[in-house]
$ cat my_file_23.txt   # compact mmCIF, C-alpha atoms
# COMPACT_ATOMS: atom_id res chain seq x y z
CA MET A 1 -17.21 14.00 9.43
CA LYS A 2 -18.22 10.80 7.72
CA PHE A 3 -15.78 9.25 5.24
CA VAL A 4 -16.85 6.48 2.87
CA PHE A 5 -14.17 4.54 1.01
CA TYR A 6 -15.00 2.46 -2.03
CA THR A 7 -12.34 -0.23 -2.14
CA HIS A 8 -11.65 -3.52 -3.84
CA SER A 9 -11.51 -4.97 -0.34
CA LEU A 10 -10.79 -3.79 3.16
CA ILE A 11 -11.22 -7.27 4.62
CA SER A 12 -8.70 -9.00 2.35
CA ASP A 13 -5.07 -8.11 1.71
CA TRP A 14 -4.54 -11.20 -0.49
CA ASN A 15 -2.56 -9.70 -3.41
CA HIS A 16 -4.11 -6.37 -2.48
CA GLY A 17 -1.60 -4.03 -0.89
CA ASN A 18 -3.86 -0.98 -0.90
CA ALA A 19 -5.85 -2.60 1.93
CA HIS A 20 -2.81 -2.01 4.19
CA PHE A 21 -2.86 1.74 3.64
CA LEU A 22 -6.62 2.12 3.71
CA ARG A 23 -6.86 0.33 7.04
CA GLY A 24 -4.31 2.68 8.55
CA VAL A 25 -6.02 5.79 7.20
CA MET A 26 -9.44 4.67 8.42
CA ARG A 27 -8.07 3.80 11.85
CA ASP A 28 -6.49 7.24 12.19
CA LEU A 29 -9.70 8.94 11.12
CA THR A 30 -11.70 7.05 13.74
CA ARG A 31 -9.10 7.87 16.41
CA ARG A 32 -9.69 11.54 15.60
CA GLY A 33 -13.41 11.14 16.13
CA HIS A 34 -14.55 10.82 12.52
CA VAL A 35 -16.67 8.03 11.05
CA ALA A 36 -14.95 5.86 8.43
CA ILE A 37 -16.71 3.10 6.49
CA ALA A 38 -15.49 0.98 3.58
CA LEU A 39 -17.74 -0.36 0.82
CA GLU A 40 -16.44 -3.41 -1.06
CA PRO A 41 -18.04 -5.52 -3.79
CA ALA A 42 -19.44 -8.96 -3.02
CA GLN A 43 -17.41 -10.33 -5.93
CA SER A 44 -14.09 -8.95 -4.67
CA TRP A 45 -11.40 -11.01 -6.37
CA SER A 46 -9.02 -10.57 -3.43
CA ARG A 47 -11.50 -11.64 -0.76
CA GLN A 48 -12.65 -14.63 -2.80
CA ASN A 49 -9.05 -15.79 -3.24
CA LEU A 50 -8.33 -15.25 0.45
CA ILE A 51 -11.22 -17.50 1.44
CA ALA A 52 -10.27 -20.11 -1.17
CA ASP A 53 -6.67 -20.07 0.08
CA GLN A 54 -7.17 -19.73 3.83
CA GLY A 55 -10.84 -20.42 4.52
CA SER A 56 -13.37 -18.20 6.28
CA VAL A 57 -11.15 -18.15 9.37
CA ALA A 58 -9.05 -15.48 7.60
CA VAL A 59 -12.06 -13.17 7.47
CA SER A 60 -12.68 -13.74 11.18
CA ALA A 61 -9.01 -13.03 11.84
CA PHE A 62 -9.35 -9.66 10.09
CA HIS A 63 -12.23 -8.66 12.36
CA ASP A 64 -10.28 -9.84 15.40
CA ALA A 65 -7.21 -7.83 14.38
CA PHE A 66 -9.17 -4.71 13.40
CA PRO A 67 -12.29 -4.51 15.59
CA ASP A 68 -12.42 -0.75 14.98
CA LEU A 69 -12.84 -1.09 11.20
CA ARG A 70 -16.15 -1.44 9.41
CA SER A 71 -16.62 -2.73 5.87
CA VAL A 72 -19.97 -3.16 4.14
CA VAL A 73 -20.14 -5.72 1.34
CA TYR A 74 -22.41 -4.60 -1.49
CA ASP A 75 -24.05 -6.49 -4.36
CA ASP A 76 -25.80 -5.40 -7.57
CA GLY A 77 -28.94 -4.36 -5.70
CA PHE A 78 -27.19 -2.22 -3.11
CA ASP A 79 -28.60 1.29 -2.59
CA HIS A 80 -25.48 3.42 -2.97
CA GLU A 81 -27.45 6.65 -2.89
CA ALA A 82 -28.85 5.84 0.54
CA ALA A 83 -25.45 4.72 1.82
CA LEU A 84 -23.92 8.06 0.81
CA ASP A 85 -26.80 10.27 1.91
CA ASP A 86 -25.00 11.55 5.03
CA ALA A 87 -21.42 11.19 3.77
CA ASP A 88 -19.09 14.17 3.88
CA VAL A 89 -16.22 12.66 1.87
CA VAL A 90 -16.39 9.77 -0.60
CA ILE A 91 -13.15 8.27 -1.91
CA MET A 92 -13.45 5.96 -4.91
CA HIS A 93 -10.62 3.49 -5.58
CA GLU A 94 -9.61 2.92 -9.19
CA TRP A 95 -10.37 -0.84 -9.08
CA THR A 96 -14.07 -0.04 -8.65
CA ASP A 97 -16.39 -1.05 -11.50
CA PRO A 98 -16.40 1.77 -14.11
CA ALA A 99 -20.21 1.87 -14.15
CA LEU A 100 -20.23 2.55 -10.41
CA VAL A 101 -17.48 5.17 -10.79
CA ALA A 102 -19.74 6.97 -13.26
CA ARG A 103 -22.88 6.44 -11.15
CA ILE A 104 -21.41 8.10 -8.07
CA GLY A 105 -20.06 10.88 -10.29
CA ARG A 106 -23.57 11.57 -11.58
CA LEU A 107 -24.81 11.64 -8.00
CA ARG A 108 -22.26 14.31 -7.15
CA GLN A 109 -23.07 16.24 -10.33
CA ALA A 110 -26.75 16.20 -9.41
CA GLY A 111 -26.00 18.09 -6.23
CA ALA A 112 -24.91 15.56 -3.59
CA ALA A 113 -23.22 17.48 -0.78
CA PHE A 114 -20.24 15.19 -0.26
CA THR A 115 -16.77 15.80 -1.66
CA LEU A 116 -15.91 13.09 -4.20
CA LEU A 117 -12.32 11.97 -4.75
CA PHE A 118 -10.85 9.31 -7.05
CA HIS A 119 -7.90 7.29 -5.68
CA ASP A 120 -5.33 5.59 -7.94
CA THR A 121 -2.71 3.25 -6.45
CA HIS A 122 -1.72 1.14 -9.47
CA HIS A 123 0.31 1.31 -12.68
CA ARG A 124 -2.68 0.86 -15.02
CA ALA A 125 -2.43 4.52 -16.00
CA VAL A 126 0.67 3.55 -18.00
CA SER A 127 0.26 -0.20 -18.52
CA ALA A 128 -3.45 -0.13 -19.42
CA ASP A 129 -4.16 3.54 -19.93
CA THR A 130 -7.37 2.95 -21.88
CA ASP A 131 -8.90 1.57 -18.66
CA ILE A 132 -8.34 4.89 -16.88
CA ALA A 133 -9.09 7.02 -19.94
CA GLY A 134 -12.49 5.32 -20.19
CA LEU A 135 -13.52 6.43 -16.71
CA ASP A 136 -15.77 9.45 -16.35
CA LEU A 137 -14.15 11.61 -13.67
CA SER A 138 -15.63 14.91 -14.81
CA ALA A 139 -17.78 15.30 -11.70
CA TYR A 140 -15.05 14.32 -9.25
CA ASP A 141 -13.72 17.09 -7.06
CA GLY A 142 -10.20 15.70 -7.05
CA VAL A 143 -7.92 12.79 -7.83
CA LEU A 144 -5.47 11.25 -5.36
CA VAL A 145 -2.49 9.39 -6.85
CA PHE A 146 0.32 7.64 -5.00
CA GLY A 147 3.23 9.25 -6.77
CA GLY A 148 4.34 12.44 -8.52
CA THR A 149 5.01 10.77 -11.86
CA LEU A 150 1.50 9.32 -11.83
CA ARG A 151 0.15 12.79 -11.09
CA GLU A 152 1.95 14.14 -14.15
CA ARG A 153 0.41 11.34 -16.21
CA TYR A 154 -3.09 12.33 -15.10
CA LEU A 155 -2.50 16.01 -15.74
CA LYS A 156 -1.06 15.49 -19.24
CA ALA A 157 -3.91 13.16 -20.19
CA GLY A 158 -6.54 15.50 -18.80
CA TRP A 159 -7.91 12.94 -16.34
CA GLY A 160 -9.49 14.91 -13.53
CA ARG A 161 -9.64 18.58 -12.57
CA ASN A 162 -7.50 18.61 -9.43
CA VAL A 163 -4.80 15.95 -9.09
CA PHE A 164 -2.87 15.54 -5.84
CA THR A 165 0.04 13.31 -4.87
CA TRP A 166 -0.91 11.20 -1.86
CA HIS A 167 1.76 8.63 -1.10
CA GLU A 168 1.07 5.46 0.83
CA ALA A 169 2.48 5.14 4.35
CA ALA A 170 2.79 2.84 7.37
CA ASP A 171 0.27 2.39 10.16
CA ASP A 172 2.85 2.76 12.92
CA SER A 173 0.42 1.61 15.57
CA ILE A 174 0.93 -1.86 14.06
CA PHE A 175 4.20 -1.55 12.16
CA LYS A 176 6.83 -0.92 14.79
CA PRO A 177 9.91 -2.67 16.20
CA LEU A 178 9.16 -5.71 18.36
CA GLN A 179 12.22 -5.93 20.59
CA SER A 180 11.01 -8.98 22.49
CA VAL A 181 10.89 -11.19 19.38
CA SER A 182 13.96 -13.40 18.90
CA LYS A 183 15.86 -13.48 15.61
CA THR A 184 15.42 -16.92 14.04
CA GLY A 185 16.24 -16.13 10.41
CA ASP A 186 18.55 -14.06 8.25
CA LEU A 187 16.58 -12.74 5.29
CA ILE A 188 12.86 -12.25 4.74
CA TRP A 189 10.92 -10.99 1.77
CA ILE A 190 7.18 -10.35 1.89
CA GLY A 191 5.99 -9.90 -1.65
CA ASN A 192 3.72 -11.45 -4.26
CA TRP A 193 4.96 -12.96 -7.50
CA GLY A 194 3.63 -10.04 -9.53
CA ASP A 195 2.36 -11.48 -12.82
CA ASP A 196 5.91 -11.92 -14.17
CA GLU A 197 6.50 -8.20 -13.69
CA ARG A 198 9.56 -8.95 -11.54
CA SER A 199 10.27 -12.67 -11.96
CA ALA A 200 13.80 -12.08 -13.29
CA GLU A 201 14.44 -9.54 -10.56
CA ILE A 202 13.33 -11.95 -7.83
CA ALA A 203 15.82 -14.49 -9.14
CA GLU A 204 18.67 -11.98 -9.41
CA TYR A 205 18.17 -9.89 -6.30
CA LEU A 206 16.76 -12.45 -3.88
CA VAL A 207 17.08 -16.11 -4.80
CA GLN A 208 20.66 -16.13 -6.06
CA PRO A 209 22.18 -13.91 -3.34
CA ALA A 210 20.40 -15.91 -0.64
CA ALA A 211 21.65 -19.16 -2.13
CA ASP A 212 25.23 -17.92 -2.56
CA LEU A 213 25.38 -16.65 1.02
CA ARG A 214 23.53 -19.69 2.39
CA LEU A 215 21.16 -17.45 4.27
CA LYS A 216 18.24 -18.78 6.24
CA THR A 217 15.61 -17.16 4.04
CA THR A 218 11.82 -16.93 4.21
CA ILE A 219 9.41 -15.69 1.56
CA HIS A 220 5.77 -14.80 2.11
CA GLY A 221 3.45 -14.01 -0.77
CA VAL A 222 0.93 -15.42 -3.21
CA ARG A 223 0.56 -16.43 -6.87
CA TYR A 224 3.97 -18.10 -7.12
CA PRO A 225 3.91 -20.54 -10.06
CA ARG A 226 5.17 -24.08 -9.63
CA PRO A 227 8.51 -23.49 -11.40
CA ALA A 228 9.22 -20.60 -9.03
CA LEU A 229 8.36 -22.70 -5.99
CA ALA A 230 10.63 -25.46 -7.25
CA ALA A 231 13.48 -22.97 -7.70
CA LEU A 232 13.03 -21.72 -4.14
CA ALA A 233 12.99 -25.23 -2.72
CA GLU A 234 16.08 -26.18 -4.69
CA VAL A 235 18.21 -23.56 -2.90
CA GLY A 236 16.64 -24.10 0.50
CA ILE A 237 14.45 -21.00 0.69
CA SER A 238 11.38 -21.47 2.85
CA TYR A 239 8.20 -20.40 1.09
CA LYS A 240 5.34 -19.85 3.53
CA GLY A 241 2.61 -18.42 1.31
CA TRP A 242 0.19 -15.69 2.31
CA ILE A 243 0.69 -13.80 5.53
CA ALA A 244 -1.90 -11.51 7.09
CA ASN A 245 -0.57 -7.98 7.02
CA ALA A 246 -1.14 -7.60 10.75
CA ALA A 247 1.28 -10.50 11.28
CA ALA A 248 4.04 -8.96 9.15
CA PRO A 249 5.72 -6.97 11.98
CA GLU A 250 6.47 -10.17 13.90
CA ALA A 251 7.78 -11.82 10.74
CA PHE A 252 10.11 -8.87 10.14
CA ALA A 253 11.22 -8.96 13.76
CA GLN A 254 12.26 -12.60 13.44
CA ASN A 255 14.77 -11.76 10.70
CA ARG A 256 17.86 -9.60 10.34
CA VAL A 257 17.41 -8.02 6.91
CA THR A 258 14.87 -7.60 4.13
CA VAL A 259 14.85 -6.48 0.49
CA HIS A 260 12.77 -4.30 -1.81
CA ILE A 261 12.13 -5.63 -5.32
CA PRO A 262 9.91 -3.21 -7.26
CA ARG A 263 7.81 -4.30 -10.21
CA ARG A 264 9.15 -3.41 -13.64
CA PRO A 265 6.31 -1.02 -14.67
CA TYR A 266 7.14 1.21 -11.70
CA VAL A 267 10.87 1.18 -12.35
CA GLU A 268 10.48 1.92 -16.05
CA ASN A 269 7.46 4.18 -16.20
CA LEU A 270 6.53 5.40 -12.71
CA PRO A 271 9.76 6.13 -10.82
CA GLY A 272 9.52 7.42 -7.29
CA ILE A 273 6.75 5.03 -6.23
CA PRO A 274 7.89 2.28 -3.84
CA THR A 275 5.78 -0.60 -2.64
CA ILE A 276 4.05 -0.03 0.68
CA ARG A 277 6.33 -2.73 2.13
CA VAL A 278 9.20 -0.23 2.12
CA PHE A 279 7.29 2.05 4.50
CA GLU A 280 6.19 -0.90 6.62
CA ALA A 281 9.59 -2.60 6.78
CA LEU A 282 11.38 0.59 7.81
CA ALA A 283 8.67 1.24 10.41
CA CYS A 284 9.44 -2.20 11.87
CA GLY A 285 13.13 -1.39 12.27
CA ILE A 286 14.62 -3.96 9.92
CA PRO A 287 17.55 -3.08 7.62
CA LEU A 288 16.49 -2.93 3.97
CA VAL A 289 18.48 -3.36 0.76
CA SER A 290 16.76 -2.33 -2.46
CA ALA A 291 17.04 -3.54 -6.04
CA PRO A 292 17.30 -0.68 -8.57
CA TRP A 293 14.71 1.99 -7.84
CA ASN A 294 14.81 5.74 -8.41
CA ASP A 295 13.59 7.66 -5.36
CA CYS A 296 13.16 10.77 -7.48
CA GLU A 297 10.69 12.31 -5.04
CA GLY A 298 13.10 12.10 -2.10
CA LEU A 299 10.84 10.03 0.12
CA PHE A 300 13.84 8.48 1.88
CA ARG A 301 17.55 9.05 2.40
CA THR A 302 19.32 6.55 0.20
CA GLY A 303 22.36 5.13 1.95
CA ASP A 304 20.99 6.03 5.38
CA ASP A 305 17.41 4.75 5.51
CA TYR A 306 18.17 1.86 3.17
CA LEU A 307 20.92 0.64 0.85
CA SER A 308 20.54 0.63 -2.93
CA VAL A 309 22.22 -1.80 -5.33
CA SER A 310 22.39 -2.08 -9.10
CA SER A 311 23.11 -5.78 -9.62
CA GLY A 312 22.64 -9.17 -8.04
CA ASP A 313 26.33 -9.35 -7.16
CA GLU A 314 26.11 -6.02 -5.40
CA MET A 315 23.00 -7.21 -3.56
CA LYS A 316 24.93 -10.22 -2.31
CA GLU A 317 27.78 -8.06 -1.02
CA GLN A 318 25.49 -5.57 0.69
CA LEU A 319 23.48 -8.31 2.37
CA ARG A 320 26.71 -9.86 3.60
CA THR A 321 27.88 -6.51 4.94
CA VAL A 322 24.63 -5.71 6.74
CA LEU A 323 24.61 -9.11 8.40
CA VAL A 324 28.14 -8.78 9.82
CA ASP A 325 28.39 -5.02 10.43
CA ARG A 326 26.14 -4.29 13.40
CA ASP A 327 26.99 -0.58 13.39
CA LEU A 328 25.77 -0.29 9.80
CA ALA A 329 22.65 -2.32 10.54
CA ASN A 330 21.82 -0.17 13.56
CA HIS A 331 22.38 3.01 11.56
CA LEU A 332 19.95 1.83 8.88
CA ILE A 333 17.40 0.86 11.53
CA GLN A 334 17.51 4.15 13.39
CA SER A 335 17.61 6.31 10.27
CA GLY A 336 14.71 4.44 8.65
CA LEU A 337 12.63 4.71 11.80
CA GLU A 338 13.31 8.44 12.05
CA THR A 339 12.18 9.03 8.47
CA ILE A 340 8.99 7.01 8.85
CA ARG A 341 8.03 8.58 12.16
CA SER A 342 8.68 12.12 10.94
CA ARG A 343 7.15 11.88 7.45
CA HIS A 344 5.47 8.64 6.45
CA THR A 345 2.83 7.41 8.87
CA CYS A 346 -0.89 7.20 8.19
CA ARG A 347 -1.27 10.14 10.59
CA HIS A 348 0.79 12.23 8.19
CA ARG A 349 -1.37 11.11 5.26
CA VAL A 350 -4.60 12.01 7.05
CA ASP A 351 -3.15 15.46 7.74
CA GLU A 352 -2.33 15.71 4.02
CA LEU A 353 -5.84 14.56 3.12
CA PHE A 354 -7.32 17.34 5.22
CA GLU A 355 -5.13 19.89 3.43
CA ILE A 356 -6.30 18.49 0.07
CA LEU A 357 -9.91 18.75 1.21
CA ARG A 358 -9.35 22.39 2.16
CA THR A 359 -8.30 22.94 -1.47
CA CYS A 360 -11.02 21.05 -3.32
CA GLY A 361 -13.63 20.16 -0.70
CA SER A 362 -17.23 21.28 -0.69
CA SER A 363 -18.25 24.11 1.64
CA ARG A 364 -19.74 21.47 3.93
CA VAL A 365 -16.33 19.85 4.31
CA THR A 366 -14.23 23.00 4.53
CA ASP A 367 -16.59 24.45 7.14
CA ALA A 368 -16.30 21.23 9.19
CA LEU A 369 -12.50 21.32 9.00
CA THR A 370 -12.43 24.98 10.02
CA ALA A 371 -14.77 24.36 12.96
CA ARG A 372 -12.73 21.38 14.13
CA GLU A 373 -9.49 23.34 13.89
CA ALA A 374 -10.97 26.20 15.91
CA ALA A 375 -12.12 23.80 18.61
CA GLN A 376 -8.69 22.26 19.09

$ encode --input "my_file_23.txt" --output "structure tokens"
Amino acid sequence: MKFVFYTHSLISDWNHGNAHFLRGVMRDLTRRGHVAIALEPAQSWSRQNLIADQGSVAVSAFHDAFPDLRSVVYDDGFDHEAALDDADVVIMHEWTDPALVARIGRLRQAGAAFTLLFHDTHHRAVSADTDIAGLDLSAYDGVLVFGGTLRERYLKAGWGRNVFTWHEAADDSIFKPLQSVSKTGDLIWIGNWGDDERSAEIAEYLVQPAADLRLKTTIHGVRYPRPALAALAEVGISYKGWIANAAAPEAFAQNRVTVHIPRRPYVENLPGIPTIRVFEALACGIPLVSAPWNDCEGLFRTGDDYLSVSSGDEMKEQLRTVLVDRDLANHLIQSGLETIRSRHTCRHRVDELFEILRTCGSSRVTDALTAREAAQ
């Protein structure tokens, strides 16, 4: 089958975590013999910032790291109807221009044979709900959301006919333990500033514990304001800016522990939705300690896959314990790896996508899935 993904950007992961997941899903689809193509706008904010920050070499590095992925950049004159003429499944990301969301919906309503899904991986449904409410999803066959609480939000608001939970996951062909890499640091955090949605939490659960314990600490991420950078420098934390997602496994491997600091809108309004870095960090076999977060959907085994704390002081103590107690660290590593490999890889999510398509897919898609299953 041919899958077409409308995305903010496949090429750039600059402040754009959904690119991580989409790359893994597309790679798994192609490994299974399907065709997977991304369509991204020429004015992609993420890609433009990546080039401004890193230069065009970052785009070349993406193609070098992912030679099996194809992304087509479209402008205002792009012929979307022609691009989708032979598509079996079209998945529209929620950052797509609303006019284009409606345009592709009208195409489906007019009789296009593809199955059309809408994909939401952000907190705008609660933080800017008028943006989502203004979208015309009436012709969409289904909606994919990355958490159960977000699904409930869609159902209560009447957004979409069929709404399915489709969590993010790790591409474990890239995110895996790298045993040959030497440990050169103590603590690493890979995360963006987050528009002041977790600035206080970063100070409490990362900066202060690292300073108190005098840990050799590294932070990767973008959009850190000057006062934040000054605060990091003052306590000796090394800030290294953007890191390509494909390089993250080596960065994790160089350090002994990492942390999860969720954004406030998720903690307060969309519990059960972690950042994709949780999946990726655990897949890399690094112990993880999390700031307050309610895993109400039971994605992980709290206390086994990762440790949870409720204050900065508790974070400091747990980081200290993980760094000196090798048995505990090894238990967290092995347990986290087991959970990822058994439940949370992009292979699992593609399997789930196929099950969703069997529920809401067009006859063209369901027939193709049935034929493929019979041939295996």

$ closest_residue --input "my_file_23.txt" --among "A:Leu307, A:Leu215, A:Ala87, A:Ala200" --to "Met1 in chain A" --atoms "all atoms listed in the file"
A:Ala87

$ closest_residue --input "my_file_23.txt" --among "A:Gln54, A:Asn15, A:Thr149, A:Thr115" --to "Val267 in chain A" --atoms "all atoms listed in the file"
A:Thr149

$ atom_distance --input "my_file_23.txt" --atom1 "CA of Gly285 in chain A" --atom2 "CA of Leu353 in chain A"
26.4 Å

$ closest_residue --input "my_file_23.txt" --among "A:Ile243, A:Leu319, A:Ala19, A:Leu29" --to "Pro287 in chain A" --atoms "all atoms listed in the file"
A:Leu319

$ closest_residue --input "my_file_23.txt" --among "A:Phe66, A:Ala52, A:Thr275, A:Gly336" --to "Thr302 in chain A" --atoms "all atoms listed in the file"
A:Gly336

$ closest_residue --input "my_file_23.txt" --among "A:Phe279, A:Tyr306, A:Tyr205, A:Phe5" --to "Leu69 in chain A" --atoms "only C-alpha atoms"
A:Phe5

$ atom_distance --input "my_file_23.txt" --atom1 "CA of Ala231 in chain A" --atom2 "CA of Ser310 in chain A"
22.8 Å

$ closest_residue --input "my_file_23.txt" --among "A:Asp172, A:Glu338, A:Asp13, A:Glu280" --to "Phe62 in chain A" --atoms "only C-alpha atoms"
A:Asp13

$ axis_aligned_box --input "my_file_23.txt" --around "range 333-351 of chain A" --padding-each-side "8 Å" --output "AutoDock Vina command-line options"
--center_x 6.5 --center_y 8.2 --center_z 9.3 --size_x 38.2 --size_y 30.6 --size_z 24.1

$ residues_around --input "my_file_23.txt" --residues "Ile273 in chain A" --least-positions-apart "3" --cutoff "7 Å" --atoms "all atoms listed in the file" --output "PyMOL selection string"
chain A and resi 147+266+270

$ residues_around --input "my_file_23.txt" --residues "His260 in chain A" --least-positions-apart "6" --cutoff "9 Å" --atoms "only C-alpha atoms" --output "list in words"
Trp189, Gly191, Tyr205, Pro274, Thr275, Arg277, Val278, Leu288, Val289, Ser290, Ala291, Pro292 and Trp293 of chain A

$ write_last_selection --input "my_file_23.txt" --atoms "C-alpha atoms" --output "mmCIF file, keeping the file's coordinate frame"
data_model
loop_
_atom_site.group_PDB
_atom_site.id
_atom_site.type_symbol
_atom_site.label_atom_id
_atom_site.label_comp_id
_atom_site.auth_asym_id
_atom_site.auth_seq_id
_atom_site.Cartn_x
_atom_site.Cartn_y
_atom_site.Cartn_z
ATOM 1 C CA TRP A 189 10.920 -10.990 1.770
ATOM 2 C CA GLY A 191 5.990 -9.900 -1.650
ATOM 3 C CA TYR A 205 18.170 -9.890 -6.300
ATOM 4 C CA PRO A 274 7.890 2.280 -3.840
ATOM 5 C CA THR A 275 5.780 -0.600 -2.640
ATOM 6 C CA ARG A 277 6.330 -2.730 2.130
ATOM 7 C CA VAL A 278 9.200 -0.230 2.120
ATOM 8 C CA LEU A 288 16.490 -2.930 3.970
ATOM 9 C CA VAL A 289 18.480 -3.360 0.760
ATOM 10 C CA SER A 290 16.760 -2.330 -2.460
ATOM 11 C CA ALA A 291 17.040 -3.540 -6.040
ATOM 12 C CA PRO A 292 17.300 -0.680 -8.570
ATOM 13 C CA TRP A 293 14.710 1.990 -7.840
#

$ residues_around --input "my_file_23.txt" --residues "range 150-155 of chain A" --least-positions-apart "4" --cutoff "7 Å" --atoms "all atoms listed in the file" --output "short mmCIF file (atom, residue, chain, number, x, y, z; two decimals) with C-alpha atoms, keeping the file's coordinate frame"
data_model
loop_
_atom_site.label_atom_id
_atom_site.label_comp_id
_atom_site.auth_asym_id
_atom_site.auth_seq_id
_atom_site.Cartn_x
_atom_site.Cartn_y
_atom_site.Cartn_z
CA VAL A 145 -2.49 9.39 -6.85
CA TRP A 159 -7.91 12.94 -16.34
CA VAL A 163 -4.80 15.95 -9.09
CA PHE A 164 -2.87 15.54 -5.84
CA THR A 165 0.04 13.31 -4.87
CA LEU A 270 6.53 5.40 -12.71
#

$ atom_distance --input "my_file_23.txt" --atom1 "CA of Pro67 in chain A" --atom2 "CA of Arg372 in chain A"
25.9 Å

$ residues_around --input "my_file_23.txt" --residues "Ala170 in chain A" --least-positions-apart "2" --cutoff "8 Å" --atoms "all atoms listed in the file" --output "PDB file with C-alpha atoms, in the frame of the given file"
ATOM      1  CA  PHE A  21      -2.860   1.740   3.640  1.00  0.00           C
ATOM      2  CA  GLY A  24      -4.310   2.680   8.550  1.00  0.00           C
ATOM      3  CA  GLU A 168       1.070   5.460   0.830  1.00  0.00           C
ATOM      4  CA  ASP A 172       2.850   2.760  12.920  1.00  0.00           C
ATOM      5  CA  PHE A 175       4.200  -1.550  12.160  1.00  0.00           C
ATOM      6  CA  ILE A 276       4.050  -0.030   0.680  1.00  0.00           C
ATOM      7  CA  PHE A 279       7.290   2.050   4.500  1.00  0.00           C
ATOM      8  CA  GLU A 280       6.190  -0.900   6.620  1.00  0.00           C
ATOM      9  CA  ALA A 283       8.670   1.240  10.410  1.00  0.00           C
ATOM     10  CA  ILE A 340       8.990   7.010   8.850  1.00  0.00           C
ATOM     11  CA  HIS A 344       5.470   8.640   6.450  1.00  0.00           C
ATOM     12  CA  THR A 345       2.830   7.410   8.870  1.00  0.00           C
ATOM     13  CA  CYS A 346      -0.890   7.200   8.190  1.00  0.00           C
TER      14      CYS A 346
END

$ residues_around --input "my_file_23.txt" --residues "range 103-114 of chain A" --least-positions-apart "5" --cutoff "7 Å" --atoms "all atoms listed in the file" --output "compact mmCIF listing (two decimals) with C-alpha atoms, in the coordinates of the input"
# COMPACT_ATOMS: atom_id res chain seq x y z
CA ALA A 87 -21.42 11.19 3.77
CA ASP A 88 -19.09 14.17 3.88
CA VAL A 89 -16.22 12.66 1.87
CA VAL A 90 -16.39 9.77 -0.60
CA LEU A 137 -14.15 11.61 -13.67
CA ALA A 139 -17.78 15.30 -11.70
CA TYR A 140 -15.05 14.32 -9.25
CA SER A 362 -17.23 21.28 -0.69

$ residues_near_point --input "my_file_23.txt" --point "(-13.2, 11.3, -4.8)" --cutoff "6 Å" --atoms "all atoms listed in the file" --output "short mmCIF file (atom, residue, chain, number, x, y, z; two decimals) with C-alpha atoms, in the coordinates of the input"
data_model
loop_
_atom_site.label_atom_id
_atom_site.label_comp_id
_atom_site.auth_asym_id
_atom_site.auth_seq_id
_atom_site.Cartn_x
_atom_site.Cartn_y
_atom_site.Cartn_z
CA VAL A 90 -16.39 9.77 -0.60
CA ILE A 91 -13.15 8.27 -1.91
CA MET A 92 -13.45 5.96 -4.91
CA LEU A 116 -15.91 13.09 -4.20
CA LEU A 117 -12.32 11.97 -4.75
CA PHE A 118 -10.85 9.31 -7.05
CA TYR A 140 -15.05 14.32 -9.25
CA GLY A 142 -10.20 15.70 -7.05
#

$ residues_near_point --input "my_file_23.txt" --point "(-8.4, 10.3, 12.2)" --cutoff "12 Å" --atoms "only C-alpha atoms" --output "list in words"
Met1, Lys2, Phe3, Leu22, Arg23, Gly24, Val25, Met26, Arg27, Asp28, Leu29, Thr30, Arg31, Arg32, Gly33, His34, Val35, Ala36, Asp171, Cys346, Arg347, His348, Arg349, Val350, Asp351, Glu352, Leu353 and Phe354 of chain A
